$ cat structure-v7.txt   # compact mmCIF, C-alpha atoms
# COMPACT_ATOMS: atom_id res chain seq x y z
CA MET A 1 4.49 -24.34 18.00
CA GLU A 2 1.36 -22.81 19.42
CA ILE A 3 0.83 -19.17 20.32
CA VAL A 4 -2.35 -17.77 21.84
CA ILE A 5 -3.25 -14.11 21.49
CA GLU A 6 -5.79 -13.35 24.21
CA ASN A 7 -6.19 -9.71 23.25
CA ILE A 8 -5.02 -7.48 20.39
CA LYS A 9 -2.68 -5.70 22.81
CA ASP A 10 -0.76 -8.99 23.10
CA ILE A 11 -0.03 -9.20 19.38
CA ARG A 12 3.47 -7.69 19.55
CA SER A 13 4.63 -10.20 22.17
CA ALA A 14 3.06 -13.00 20.10
CA ALA A 15 4.97 -11.73 17.05
CA LYS A 16 8.23 -11.78 19.05
CA GLU A 17 7.50 -15.35 20.13
CA PHE A 18 6.79 -16.34 16.52
CA ILE A 19 10.08 -14.81 15.34
CA LYS A 20 11.97 -16.82 17.98
CA VAL A 21 10.63 -20.09 16.56
CA MET A 22 10.91 -19.22 12.85
CA GLY A 23 14.39 -20.70 12.69
CA ASP A 24 15.96 -20.68 9.23
CA ASN A 25 12.60 -21.11 7.52
CA LYS A 26 11.78 -18.49 4.91
CA VAL A 27 8.35 -19.29 3.45
CA PHE A 28 5.29 -19.19 5.71
CA ALA A 29 1.78 -20.00 4.51
CA PHE A 30 -0.93 -18.53 6.75
CA HIS A 31 -4.23 -20.41 6.71
CA GLY A 32 -7.34 -18.95 8.31
CA SER A 33 -10.81 -17.73 7.55
CA MET A 34 -11.64 -14.19 6.46
CA GLY A 35 -11.14 -11.92 9.47
CA ALA A 36 -9.08 -14.42 11.47
CA GLY A 37 -6.21 -11.95 11.75
CA LYS A 38 -3.68 -13.12 9.16
CA THR A 39 -2.80 -9.63 7.93
CA THR A 40 -2.78 -8.16 11.44
CA PHE A 41 -0.40 -10.84 12.68
CA ILE A 42 1.89 -10.56 9.63
CA LYS A 43 1.96 -6.79 10.18
CA ALA A 44 3.06 -7.27 13.81
CA VAL A 45 5.76 -9.77 12.77
CA CYS A 46 7.06 -7.38 10.11
CA GLU A 47 7.14 -4.49 12.57
CA GLU A 48 9.08 -6.64 15.06
CA LEU A 49 11.52 -7.44 12.25
CA GLY A 50 12.15 -3.72 11.80
CA VAL A 51 9.87 -2.86 8.89
CA ILE A 52 9.15 0.85 9.06
CA GLU A 53 6.91 1.31 6.01
CA ALA A 54 3.19 0.66 6.28
CA VAL A 55 2.33 -3.06 6.22
CA SER A 56 -1.03 -3.79 4.63
CA SER A 57 -2.77 -6.60 2.83
CA PRO A 58 -1.68 -6.87 -0.79
CA THR A 59 -5.20 -7.96 -1.78
CA PHE A 60 -5.21 -6.06 -5.07
CA ALA A 61 -1.47 -5.89 -5.74
CA ILE A 62 -1.04 -9.61 -4.84
CA ILE A 63 2.43 -8.87 -3.45
CA ASN A 64 3.91 -6.16 -1.24
CA GLU A 65 7.62 -5.82 -0.58
CA TYR A 66 8.97 -4.40 2.65
CA LYS A 67 12.50 -4.01 4.04
CA ASP A 68 13.40 -5.36 7.46
CA GLY A 69 15.65 -3.50 9.91
CA GLU A 70 18.72 -4.83 8.07
CA GLY A 71 17.45 -3.76 4.65
CA ARG A 72 16.55 -7.31 3.54
CA PRO A 73 13.35 -7.78 1.52
CA ILE A 74 10.26 -9.36 3.03
CA PHE A 75 7.60 -10.44 0.54
CA HIS A 76 3.93 -10.45 1.59
CA PHE A 77 1.46 -12.22 -0.68
CA ASP A 78 -2.32 -12.34 -0.71
CA PHE A 79 -3.67 -14.86 -3.20
CA TYR A 80 -7.34 -14.31 -2.36
CA ARG A 81 -8.10 -12.78 -5.75
CA ILE A 82 -6.17 -15.31 -7.83
CA ASN A 83 -8.53 -17.08 -10.21
CA LYS A 84 -6.06 -19.32 -12.03
CA LEU A 85 -2.63 -20.61 -11.15
CA GLU A 86 -1.36 -19.15 -14.42
CA GLU A 87 -1.69 -15.68 -12.86
CA VAL A 88 0.95 -16.66 -10.30
CA TYR A 89 3.23 -18.00 -13.02
CA ASP A 90 2.88 -14.68 -14.84
CA PHE A 91 4.46 -12.64 -12.07
CA GLY A 92 7.35 -15.07 -11.56
CA TYR A 93 6.55 -16.53 -8.16
CA GLU A 94 9.79 -18.60 -8.19
CA ASP A 95 11.88 -15.44 -7.97
CA TYR A 96 10.21 -14.69 -4.63
CA PHE A 97 9.61 -18.13 -3.10
CA TYR A 98 13.18 -19.29 -3.79
CA SER A 99 14.94 -15.96 -3.14
CA GLY A 100 16.08 -16.87 0.36
CA ASN A 101 14.10 -13.92 1.70
CA LEU A 102 11.11 -14.11 4.01
CA CYS A 103 7.78 -14.76 2.30
CA PHE A 104 4.50 -14.46 4.19
CA ILE A 105 1.58 -15.87 2.21
CA GLU A 106 -2.12 -15.31 2.84
CA TRP A 107 -4.68 -17.60 1.18
CA PRO A 108 -2.06 -20.22 0.24
CA GLU A 109 -4.74 -22.80 -0.50
CA LEU A 110 -5.02 -21.33 -3.97
CA VAL A 111 -1.34 -21.97 -4.78
CA GLU A 112 -0.66 -25.05 -2.63
CA SER A 113 0.72 -27.07 -5.54
CA ILE A 114 3.55 -24.61 -6.24
CA LEU A 115 4.64 -23.80 -2.69
CA PRO A 116 8.20 -24.84 -1.86
CA GLU A 117 8.51 -28.19 -0.14
CA ASN A 118 9.83 -26.61 3.07
CA THR A 119 6.97 -24.10 3.42
CA VAL A 120 5.86 -23.74 7.04
CA LYS A 121 2.08 -23.95 7.26
CA ILE A 122 0.52 -21.81 9.96
CA SER A 123 -3.10 -21.84 11.09
CA ILE A 124 -4.74 -18.77 12.64
CA GLN A 125 -8.10 -19.46 14.18
CA GLU A 126 -10.43 -17.15 16.01
CA GLN A 127 -11.82 -18.71 19.18
CA ASP A 128 -15.30 -18.14 20.63
CA ASP A 129 -13.88 -15.74 23.23
CA GLY A 130 -12.25 -13.59 20.51
CA SER A 131 -8.73 -14.83 21.16
CA ARG A 132 -6.59 -16.18 18.32
CA ASN A 133 -4.78 -19.49 18.17
CA ILE A 134 -1.68 -19.56 15.99
CA LYS A 135 -0.09 -22.95 15.38
CA SER A 136 1.91 -24.85 12.84
CA ILE A 137 -0.04 -27.47 10.91

$ encode --input "structure-v7.txt" --output "structure tokens"
Amino acid sequence: MEIVIENIKDIRSAAKEFIKVMGDNKVFAFHGSMGAGKTTFIKAVCEELGVIEAVSSPTFAIINEYKDGEGRPIFHFDFYRINKLEEVYDFGYEDYFYSGNLCFIEWPELVESILPENTVKISIQEQDDGSRNIKSI
């Protein structure tokens, strides 16, 4: 899977394309540098899935929960501020990762060892021309 976003106005169509190829997968780990567009893309995917509440980075909360158009939970994680893996154990990550609900994870490098085996790893990279490349890794 590879999706190119030439311009920010193309993000909704890119999100629709991503949803088409998600399959039955539930846990997605988004890799990318600061400012690559992880949160922006996750926001577009959530909106395409019917989320009506505001989607924002859970940088300080670590996890945000949204409801899709069918009322199912979507969990959005940002592990940027995690200092020790024990912090993730403390909030009961298993209840989320193994819930059968969608989980979108930013900064997964910090929790790589506890991600479910079937986690789909996604790379978002900013190109020199400002476009974004989204692909599975």

$ residues_around --input "structure-v7.txt" --residues "Gly130 in chain A" --least-positions-apart "6" --cutoff "10 Å" --atoms "all atoms listed in the file" --output "list in words"
Ile5, Glu6, Asn7, Ile8 and Ala36 of chain A

$ write_last_selection --input "structure-v7.txt" --atoms "C-alpha atoms" --output "compact mmCIF listing (two decimals), keeping the file's coordinate frame"
# COMPACT_ATOMS: atom_id res chain seq x y z
CA ILE A 5 -3.25 -14.11 21.49
CA GLU A 6 -5.79 -13.35 24.21
CA ASN A 7 -6.19 -9.71 23.25
CA ILE A 8 -5.02 -7.48 20.39
CA ALA A 36 -9.08 -14.42 11.47

$ residues_around --input "structure-v7.txt" --residues "Leu115 in chain A" --least-positions-apart "6" --cutoff "12 Å" --atoms "only C-alpha atoms" --output "PyMOL selection string"
chain A and resi 26-29+85+88-89+93-94+96-98+103-105+107-109+121

$ atom_distance --input "structure-v7.txt" --atom1 "CA of Gly35 in chain A" --atom2 "CA of Ser57 in chain A"
11.9 Å

$ closest_residue --input "structure-v7.txt" --among "A:Glu112, A:Glu17, A:Asp129, A:Glu86" --to "Glu48 in chain A" --atoms "only C-alpha atoms"
A:Glu17

$ atom_distance --input "structure-v7.txt" --atom1 "CA of Glu106 in chain A" --atom2 "CA of Glu70 in chain A"
23.9 Å

$ residues_near_point --input "structure-v7.txt" --point "(12.3, -8.2, 18.6)" --cutoff "12 Å" --atoms "only C-alpha atoms" --output "PyMOL selection string"
chain A and resi 12-20+44-51+68-69

$ closest_residue --input "structure-v7.txt" --among "A:Val4, A:Ile124, A:Ile114, A:Ile74" --to "Asn101 in chain A" --atoms "only C-alpha atoms"
A:Ile74

$ atom_distance --input "structure-v7.txt" --atom1 "CA of Gly100 in chain A" --atom2 "CA of Tyr80 in chain A"
23.7 Å

$ closest_residue --input "structure-v7.txt" --among "A:Ile11, A:Met22, A:Gly32, A:Met1" --to "Glu126 in chain A" --atoms "all atoms listed in the file"
A:Gly32

$ closest_residue --input "structure-v7.txt" --among "A:Phe41, A:Phe30, A:Gln125, A:Tyr66" --to "Phe79 in chain A" --atoms "all atoms listed in the file"
A:Phe30

$ residues_near_point --input "structure-v7.txt" --point "(-4.8, -6.7, 2.5)" --cutoff "7 Å" --atoms "all atoms listed in the file" --output "PyMOL selection string"
chain A and resi 39+56-59+78

$ closest_residue --input "structure-v7.txt" --among "A:Met34, A:Ile3, A:Gly92, A:Asp24" --to "Thr119 in chain A" --atoms "all atoms listed in the file"
A:Asp24

$ decode --input "structure-v7.txt" --residues "range 25-56 of chain A" --atoms "C-alpha atoms" --output "compact mmCIF listing (two decimals), in the first residue's frame"
# COMPACT_ATOMS: atom_id res chain seq x y z
CA ASN A 25 -6.82 -4.86 10.77
CA LYS A 26 -7.46 -2.91 13.96
CA VAL A 27 -4.11 -1.62 15.26
CA PHE A 28 -2.13 0.86 13.15
CA ALA A 29 1.25 2.25 14.20
CA PHE A 30 2.12 5.52 12.45
CA HIS A 31 5.84 6.20 12.10
CA GLY A 32 7.11 9.59 10.98
CA SER A 33 9.13 12.55 12.08
CA MET A 34 7.72 15.50 14.01
CA GLY A 35 5.51 17.48 11.63
CA ALA A 36 5.20 14.71 9.05
CA GLY A 37 1.41 14.78 9.31
CA LYS A 38 0.55 11.78 11.48
CA THR A 39 -2.13 13.57 13.50
CA THR A 40 -3.54 15.36 10.45
CA PHE A 41 -3.89 12.10 8.55
CA ILE A 42 -5.41 10.24 11.52
CA LYS A 43 -7.88 13.11 11.90
CA ALA A 44 -8.93 12.78 8.24
CA VAL A 45 -9.32 8.99 8.58
CA CYS A 46 -11.44 9.41 11.71
CA GLU A 47 -13.63 12.01 10.02
CA GLU A 48 -14.13 9.67 7.04
CA LEU A 49 -15.14 6.96 9.53
CA GLY A 50 -17.88 9.24 10.84
CA VAL A 51 -16.25 10.74 13.93
CA ILE A 52 -18.02 14.00 14.68
CA GLU A 53 -16.16 15.16 17.80
CA ALA A 54 -12.92 17.09 17.46
CA VAL A 55 -9.94 14.86 16.64
CA SER A 56 -6.68 16.13 18.07
